[in-house]
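Enquirer: Here's a structure for you.
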Amino acid sequence: MTMSDEQLLSSDTESSDDQPAPTPGTDGLTDSTDIDTGERSATERTLLEARDLSVYYGKEQALDSVDIEIPEKQVTAVIGPSGCGKSTFLRSINRMNDLVDAAHVDGELVFDGKNVYDDDVDPVALRRKIGMVFQKPNPFPKSIRDNVAYGLRVQGKDDGDVDEKVHTALERAALLDEVEAQLDSSGLDLSGGQQQRLCIARAIAPDPDVILMDEPASALDPVATSKIEDLIEELAEEYTVVIVTHNMQQAARISDKTAVFLTGGELVEFDDTDKIFENPEHDRVEDYITGKFG
Ligand SMILES: Nc1ncnc2c1ncn2[C@@H]1O[C@H](COP(=O)(O)OP(=O)(O)OP(=O)(O)O)[C@@H](O)[C@H]1O
């Protein structure tokens, strides 16, 4: 699953000309830690690690010295009250904050042993390894097939087996059965829930390692939400999923780990989801979970 660092670092047609020449990064694998619980795996490997990560918008600090180790092939939920920096944290993982002029990042975000803020990392290539799904389904005004194939095309992977890859991505996104007979119809003609699964198929077509999801079900009805939740749990067999959600029941249902951010962009507690919801260490987290504020 993991692509080489060379691929991560290599420039492509979308990258700016002033990107430094690609250089091989570390092949470093971060620490492995044996754990005694976990339904998905007995051993967890850290795939993403924030080290003293702070993010500012101008003078305003949105994330405050965050340290966190996110395990591979699990679902990590990010929760906390409005404005506490959840989206900022998510967007710092694949450098989406680069697109905000006022944003400034201190510290490190290490992905598979490499700081993604190093000068030699191409953010466009990075975003193919760390895909993103947004709150509102945003398919392109193109056919279902072309929506999914888009990620392959920009990656130069649209060789002979595009159709096979499109099918695989739709299947993994639990959408193939519903759209197989209409791949040339517009993606915009699908229901909201189907559009979101189409966007998930588009994100996974280039075979990323990580899928970031920013409240992916908040615009959907309960049935569509339930399908997305089932899908997220399935995706974690192949991918590392980090999901921002306002819905604490959803976090409790689908995640293995939960990170609780509180006001000021502080990561107050990060632990197994069961522990966070049943017996958190911090009173402030308990107050938030039990609805005393937020
Ligand atoms: N593009 C931006 N420019 C300036 N300030 C921003 C920007 N994006 C976020 N902020 C500020 O950074 C802080 C954290 O915002 P962020 O969106 O990360 O929080 P959040 O926890 O995801 O909020 P919500 O739950 O309401 O979506 C807030 O004070 C917000 O106003």
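Residue numbers start at 1 in each chain; chains themselves are named A, B, ... in the order of the structure tokens; ligands are numbered from 1 in the order shown.
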Which polymer residues have any atom within 8 Å of an atom of Glu233 of chain A, counting only C-alpha atoms, with same-chain residues fewer than 4 positions away left out, as an MDAnalysis selection string?
Expert: chainID A and resid 75 229 237 254:255
Enquirer: Around ligand 1, which protein and nucleic acid residues have at least one atom no more than 6 Å from it, if we count only C-alpha atoms and all ligand atoms? List them as a list of chain:residue names.
Expert: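 Written in the requested form, the residues are A:Tyr57, A:Ala62, A:Pro81, A:Ser82, A:Gly83, A:Cys84, A:Gly85, A:Lys86, A:Ser87, A:Thr88, A:Val100.
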Enquirer: From a DSSP pass on the backbone, collect the residues of segment 91-253 of chain A flagged as strand (DSSP E or B) and hand them back as a ChimeraX atom specification.
Expert: /A:103-111,114-115,130-133,143,186,210-214,240-244
Enquirer: Write a file of the just-selected residues containing N, CA and C atoms, as an mmCIF file, in the first residue's frame.
Expert:
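Output saved as result-v2.cif:
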data_model
loop_
_atom_site.group_PDB
_atom_site.id
_atom_site.type_symbol
_atom_site.label_atom_id
_atom_site.label_comp_id
_atom_site.auth_asym_id
_atom_site.auth_seq_id
_atom_site.Cartn_x
_atom_site.Cartn_y
_atom_site.Cartn_z
ATOM 1 N N ALA A 103 -2.043 31.570 6.785
ATOM 2 C CA ALA A 103 -1.698 30.433 7.652
ATOM 3 C C ALA A 103 -0.187 30.267 7.775
ATOM 4 N N HIS A 104 0.218 29.937 8.991
ATOM 5 C CA HIS A 104 1.640 29.727 9.262
ATOM 6 C C HIS A 104 1.767 28.520 10.194
ATOM 7 N N VAL A 105 2.687 27.626 9.871
ATOM 8 C CA VAL A 105 2.810 26.380 10.629
ATOM 9 C C VAL A 105 4.172 26.321 11.308
ATOM 10 N N ASP A 106 4.169 25.977 12.585
ATOM 11 C CA ASP A 106 5.411 25.683 13.315
ATOM 12 C C ASP A 106 5.379 24.223 13.748
ATOM 13 N N GLY A 107 6.545 23.640 13.916
ATOM 14 C CA GLY A 107 6.608 22.247 14.355
ATOM 15 C C GLY A 107 6.603 21.307 13.159
ATOM 16 N N GLU A 108 6.357 20.034 13.440
ATOM 17 C CA GLU A 108 6.459 19.029 12.370
ATOM 18 C C GLU A 108 5.185 18.201 12.272
ATOM 19 N N LEU A 109 4.930 17.775 11.038
ATOM 20 C CA LEU A 109 3.885 16.775 10.813
ATOM 21 C C LEU A 109 4.567 15.669 10.028
ATOM 22 N N VAL A 110 4.816 14.573 10.690
ATOM 23 C CA VAL A 110 5.615 13.502 10.102
ATOM 24 C C VAL A 110 4.685 12.439 9.532
ATOM 25 N N PHE A 111 4.878 12.170 8.254
ATOM 26 C CA PHE A 111 4.085 11.141 7.589
ATOM 27 C C PHE A 111 5.037 10.057 7.113
ATOM 28 N N LYS A 114 8.628 11.125 7.344
ATOM 29 C CA LYS A 114 9.093 12.326 6.644
ATOM 30 C C LYS A 114 8.254 13.529 7.055
ATOM 31 N N ASN A 115 8.913 14.631 7.435
ATOM 32 C CA ASN A 115 8.172 15.850 7.766
ATOM 33 C C ASN A 115 7.576 16.440 6.492
ATOM 34 N N ILE A 130 -2.377 11.410 0.706
ATOM 35 C CA ILE A 130 -3.253 11.746 1.833
ATOM 36 C C ILE A 130 -4.464 12.455 1.237
ATOM 37 N N GLY A 131 -5.463 11.668 0.857
ATOM 38 C CA GLY A 131 -6.636 12.218 0.188
ATOM 39 C C GLY A 131 -7.601 12.845 1.181
ATOM 40 N N MET A 132 -8.553 13.595 0.644
ATOM 41 C CA MET A 132 -9.475 14.312 1.536
ATOM 42 C C MET A 132 -10.897 14.257 1.014
ATOM 43 N N VAL A 133 -11.822 14.110 1.941
ATOM 44 C CA VAL A 133 -13.253 14.139 1.623
ATOM 45 C C VAL A 133 -13.864 15.236 2.480
ATOM 46 N N SER A 143 -19.098 12.727 -15.737
ATOM 47 C CA SER A 143 -19.699 11.406 -15.539
ATOM 48 C C SER A 143 -19.135 10.761 -14.264
ATOM 49 N N SER A 186 -24.108 11.677 -15.251
ATOM 50 C CA SER A 186 -23.434 12.699 -14.452
ATOM 51 C C SER A 186 -23.410 12.328 -12.970
ATOM 52 N N VAL A 210 -3.729 7.504 3.321
ATOM 53 C CA VAL A 210 -4.545 8.144 4.365
ATOM 54 C C VAL A 210 -5.749 8.816 3.712
ATOM 55 N N ILE A 211 -6.900 8.725 4.371
ATOM 56 C CA ILE A 211 -8.072 9.478 3.934
ATOM 57 C C ILE A 211 -8.495 10.386 5.085
ATOM 58 N N LEU A 212 -8.487 11.686 4.809
ATOM 59 C CA LEU A 212 -8.946 12.665 5.792
ATOM 60 C C LEU A 212 -10.395 12.988 5.476
ATOM 61 N N MET A 213 -11.226 13.030 6.497
ATOM 62 C CA MET A 213 -12.651 13.315 6.273
ATOM 63 C C MET A 213 -13.091 14.418 7.220
ATOM 64 N N ASP A 214 -13.625 15.485 6.651
ATOM 65 C CA ASP A 214 -14.065 16.617 7.456
ATOM 66 C C ASP A 214 -15.587 16.617 7.526
ATOM 67 N N THR A 240 -5.622 4.429 6.463
ATOM 68 C CA THR A 240 -5.665 5.146 7.734
ATOM 69 C C THR A 240 -6.676 6.275 7.575
ATOM 70 N N VAL A 241 -7.658 6.303 8.450
ATOM 71 C CA VAL A 241 -8.730 7.291 8.319
ATOM 72 C C VAL A 241 -8.681 8.253 9.503
ATOM 73 N N VAL A 242 -8.690 9.545 9.199
ATOM 74 C CA VAL A 242 -8.795 10.561 10.250
ATOM 75 C C VAL A 242 -10.052 11.371 9.947
ATOM 76 N N ILE A 243 -10.968 11.391 10.891
ATOM 77 C CA ILE A 243 -12.266 12.008 10.631
ATOM 78 C C ILE A 243 -12.601 13.054 11.686
ATOM 79 N N VAL A 244 -12.933 14.247 11.222
ATOM 80 C CA VAL A 244 -13.476 15.282 12.103
ATOM 81 C C VAL A 244 -14.981 15.101 12.155
#
Enquirer: Pick out the residues sitting within 12 Å of Gln249 of chain A, and hand them over as a PyMOL selection string; count only C-alpha atoms, and ignore anything fewer than 3 positions along from it in its own chain.
Expert: chain A and resi 77+79+226+229+245-246+252-255+258+273-274+277+289-291
Enquirer: Since we have the selection now, will you write its residues out, keeping N, CA and C atoms, as a JSON list (two decimals), in the first residue's frame?
Expert:
[["chain", "number", "residue", "atom", "x", "y", "z"],
["A", 77, "ALA", "N", -10.85, 9.59, 15.33],
["A", 77, "ALA", "CA", -11.83, 10.68, 15.32],
["A", 77, "ALA", "C", -11.24, 11.90, 16.00],
["A", 79, "ILE", "N", -12.54, 15.31, 17.74],
["A", 79, "ILE", "CA", -13.76, 15.97, 18.23],
["A", 79, "ILE", "C", -13.39, 17.18, 19.08],
["A", 226, "SER", "N", -25.60, 6.34, 7.85],
["A", 226, "SER", "CA", -25.28, 4.99, 8.32],
["A", 226, "SER", "C", -24.42, 4.25, 7.30],
["A", 229, "GLU", "N", -20.93, 5.58, 7.54],
["A", 229, "GLU", "CA", -20.26, 5.07, 8.75],
["A", 229, "GLU", "C", -19.78, 3.63, 8.55],
["A", 245, "THR", "N", -15.53, 15.08, 13.35],
["A", 245, "THR", "CA", -16.98, 14.99, 13.46],
["A", 245, "THR", "C", -17.47, 15.80, 14.65],
["A", 246, "HIS", "N", -18.65, 16.39, 14.47],
["A", 246, "HIS", "CA", -19.33, 17.06, 15.58],
["A", 246, "HIS", "C", -20.19, 16.09, 16.36],
["A", 252, "ALA", "N", -17.95, 7.70, 18.66],
["A", 252, "ALA", "CA", -17.93, 6.52, 19.54],
["A", 252, "ALA", "C", -18.20, 5.25, 18.73],
["A", 253, "ARG", "N", -19.09, 5.36, 17.74],
["A", 253, "ARG", "CA", -19.46, 4.18, 16.94],
["A", 253, "ARG", "C", -18.33, 3.70, 16.04],
["A", 254, "ILE", "N", -17.66, 4.63, 15.37],
["A", 254, "ILE", "CA", -16.83, 4.19, 14.25],
["A", 254, "ILE", "C", -15.32, 4.30, 14.49],
["A", 255, "SER", "N", -14.91, 4.99, 15.56],
["A", 255, "SER", "CA", -13.46, 5.21, 15.65],
["A", 255, "SER", "C", -12.79, 4.26, 16.64],
["A", 258, "THR", "N", -9.68, 8.41, 19.68],
["A", 258, "THR", "CA", -10.33, 9.71, 19.64],
["A", 258, "THR", "C", -9.39, 10.77, 20.20],
["A", 273, "THR", "N", -10.87, 5.05, 21.87],
["A", 273, "THR", "CA", -12.18, 5.69, 21.91],
["A", 273, "THR", "C", -12.99, 5.25, 23.13],
["A", 274, "ASP", "N", -12.94, 3.97, 23.47],
["A", 274, "ASP", "CA", -13.69, 3.49, 24.63],
["A", 274, "ASP", "C", -13.26, 4.22, 25.90],
["A", 277, "PHE", "N", -14.56, 7.85, 26.00],
["A", 277, "PHE", "CA", -16.00, 8.00, 26.24],
["A", 277, "PHE", "C", -16.45, 7.40, 27.58],
["A", 289, "ILE", "N", -17.73, 15.74, 26.83],
["A", 289, "ILE", "CA", -18.41, 14.52, 26.37],
["A", 289, "ILE", "C", -19.83, 14.43, 26.93],
["A", 290, "THR", "N", -19.98, 14.86, 28.17],
["A", 290, "THR", "CA", -21.31, 14.74, 28.79],
["A", 290, "THR", "C", -22.19, 15.94, 28.48],
["A", 291, "GLY", "N", -21.68, 16.83, 27.62],
["A", 291, "GLY", "CA", -22.54, 17.92, 27.13],
["A", 291, "GLY", "C", -22.62, 19.10, 28.06]]
Enquirer: One number please: atom CA of Leu267 of chain A to atom CA of Ile232 of chain A, in Å, one decimal.
Expert: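 For atom CA of Leu267 of chain A relative to atom CA of Ile232 of chain A, the distance reads 23.4 Å.
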Enquirer: If you measure from atom CA of Ile204 of chain A to atom CA of Leu231 of chain A, what distance in Å do you get, rounded to one decimal?
Expert: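 About the pair atom CA of Ile204 of chain A and atom CA of Leu231 of chain A: they are 12.4 Å apart.
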Enquirer: Show which residues sit within 8 Å of Ser185 of chain A, as a list in words. Count only C-alpha atoms, and ignore same-chain residues fewer than 3 positions away.
Expert: Lys142, Ser143, Ile144, Gln182 and Asp189 of chain A
Enquirer: As a PyMOL selection string, please: all residues of segment 52-260 of chain A that backbone DSSP puts in helix (DSSP H, G or I).
Expert: chain A and resi 86-93+96-99+123-129+144-154+162-172+176-182+187-189+192-204+222-235+248-254
Enquirer: For C-alpha atoms, I'd like the residues from the last selection saved as a CSV table (one decimal), in the first residue's frame.
Expert:
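Done, and the output landed in again_24.csv:
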chain,number,residue,atom,x,y,z
A,86,LYS,CA,-10.3,20.4,14.3
A,87,SER,CA,-10.4,21.3,10.7
A,88,THR,CA,-7.1,23.2,11.0
A,89,PHE,CA,-5.5,20.1,12.3
A,90,LEU,CA,-6.9,17.9,9.6
A,91,ARG,CA,-5.9,20.4,6.9
A,92,SER,CA,-2.4,20.6,8.3
A,93,ILE,CA,-1.9,16.9,7.7
A,96,MET,CA,-4.3,22.2,2.7
A,97,ASN,CA,-3.5,25.2,4.9
A,98,ASP,CA,-0.9,26.1,2.4
A,99,LEU,CA,-3.8,27.4,0.4
A,123,PRO,CA,2.2,19.2,-1.6
A,124,VAL,CA,0.4,18.1,-4.7
A,125,ALA,CA,2.0,14.6,-4.6
A,126,LEU,CA,1.5,14.6,-0.9
A,127,ARG,CA,-2.3,15.1,-1.3
A,128,ARG,CA,-2.5,12.0,-3.5
A,129,LYS,CA,-1.1,9.9,-0.7
A,144,ILE,CA,-19.4,9.0,-12.6
A,145,ARG,CA,-16.6,7.3,-14.5
A,146,ASP,CA,-14.7,10.5,-15.1
A,147,ASN,CA,-15.1,11.7,-11.5
A,148,VAL,CA,-13.4,8.6,-10.2
A,149,ALA,CA,-10.8,8.5,-13.1
A,150,TYR,CA,-9.9,12.1,-12.4
A,151,GLY,CA,-7.4,11.2,-9.6
A,152,LEU,CA,-5.8,8.7,-11.8
A,153,ARG,CA,-5.5,11.1,-14.7
A,154,VAL,CA,-3.7,13.8,-12.8
A,162,VAL,CA,-8.5,2.8,-15.9
A,163,ASP,CA,-11.9,1.0,-16.1
A,164,GLU,CA,-10.6,-1.7,-13.7
A,165,LYS,CA,-9.3,0.9,-11.3
A,166,VAL,CA,-12.6,2.9,-11.5
A,167,HIS,CA,-14.5,-0.3,-10.7
A,168,THR,CA,-12.3,-1.2,-7.8
A,169,ALA,CA,-12.6,2.3,-6.3
A,170,LEU,CA,-16.4,2.3,-6.7
A,171,GLU,CA,-16.5,-1.1,-5.1
A,172,ARG,CA,-14.4,-0.1,-2.2
A,176,LEU,CA,-20.5,0.0,-7.6
A,177,ASP,CA,-23.7,-2.0,-7.3
A,178,GLU,CA,-25.8,1.2,-7.4
A,179,VAL,CA,-24.1,2.8,-10.4
A,180,GLU,CA,-22.6,0.1,-12.5
A,181,ALA,CA,-25.2,0.5,-15.2
A,182,GLN,CA,-24.9,4.2,-15.4
A,187,GLY,CA,-22.2,12.4,-10.9
A,188,LEU,CA,-24.4,15.3,-10.0
A,189,ASP,CA,-27.5,13.2,-10.7
A,192,GLY,CA,-26.4,13.2,-1.7
A,193,GLY,CA,-25.2,10.0,0.0
A,194,GLN,CA,-24.2,8.5,-3.3
A,195,GLN,CA,-22.4,11.7,-4.2
A,196,GLN,CA,-20.4,11.5,-1.0
A,197,ARG,CA,-19.5,7.9,-1.7
A,198,LEU,CA,-18.5,9.0,-5.2
A,199,CYS,CA,-16.2,11.5,-3.7
A,200,ILE,CA,-14.8,8.8,-1.5
A,201,ALA,CA,-14.2,6.6,-4.6
A,202,ARG,CA,-12.5,9.6,-6.2
A,203,ALA,CA,-10.2,10.0,-3.2
A,204,ILE,CA,-9.3,6.3,-3.0
A,222,PRO,CA,-29.7,9.1,8.7
A,223,VAL,CA,-29.8,6.3,6.1
A,224,ALA,CA,-27.0,7.8,4.0
A,225,THR,CA,-25.1,8.6,7.2
A,226,SER,CA,-25.3,5.0,8.3
A,227,LYS,CA,-23.9,3.8,5.0
A,228,ILE,CA,-21.0,6.2,5.2
A,229,GLU,CA,-20.3,5.1,8.8
A,230,ASP,CA,-20.2,1.4,7.7
A,231,LEU,CA,-18.0,2.3,4.8
A,232,ILE,CA,-15.5,4.2,7.0
A,233,GLU,CA,-15.1,1.2,9.2
A,234,GLU,CA,-14.5,-1.0,6.1
A,235,LEU,CA,-12.0,1.5,4.7
A,248,MET,CA,-20.0,12.3,19.4
A,249,GLN,CA,-22.1,9.2,19.0
A,250,GLN,CA,-20.6,8.8,15.5
A,251,ALA,CA,-17.1,9.1,16.9
A,252,ALA,CA,-17.9,6.5,19.5
A,253,ARG,CA,-19.5,4.2,16.9
A,254,ILE,CA,-16.8,4.2,14.3
Enquirer: Measuring between only C-alpha atoms, which one of A:Gln135, A:Thr76, A:Lys292, A:Lys59 shows the shortest distance to Asp271 of chain A?
Expert: A:Thr76
Enquirer: When you draw a straight line from atom CA of Asn247 of chain A to atom CA of Pro206 of chain A, how long is it in Å?
Expert: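 That distance, rounded to one decimal, is 29.0 Å.
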Enquirer: Pick the closest to Val285 of chain A from A:Tyr56, A:Gly80, A:Ser65, A:Gly113: which is it, counting only C-alpha atoms?
Expert: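 Once distances to Val285 of chain A are computed over only C-alpha atoms, the minimum belongs to A:Gly80.
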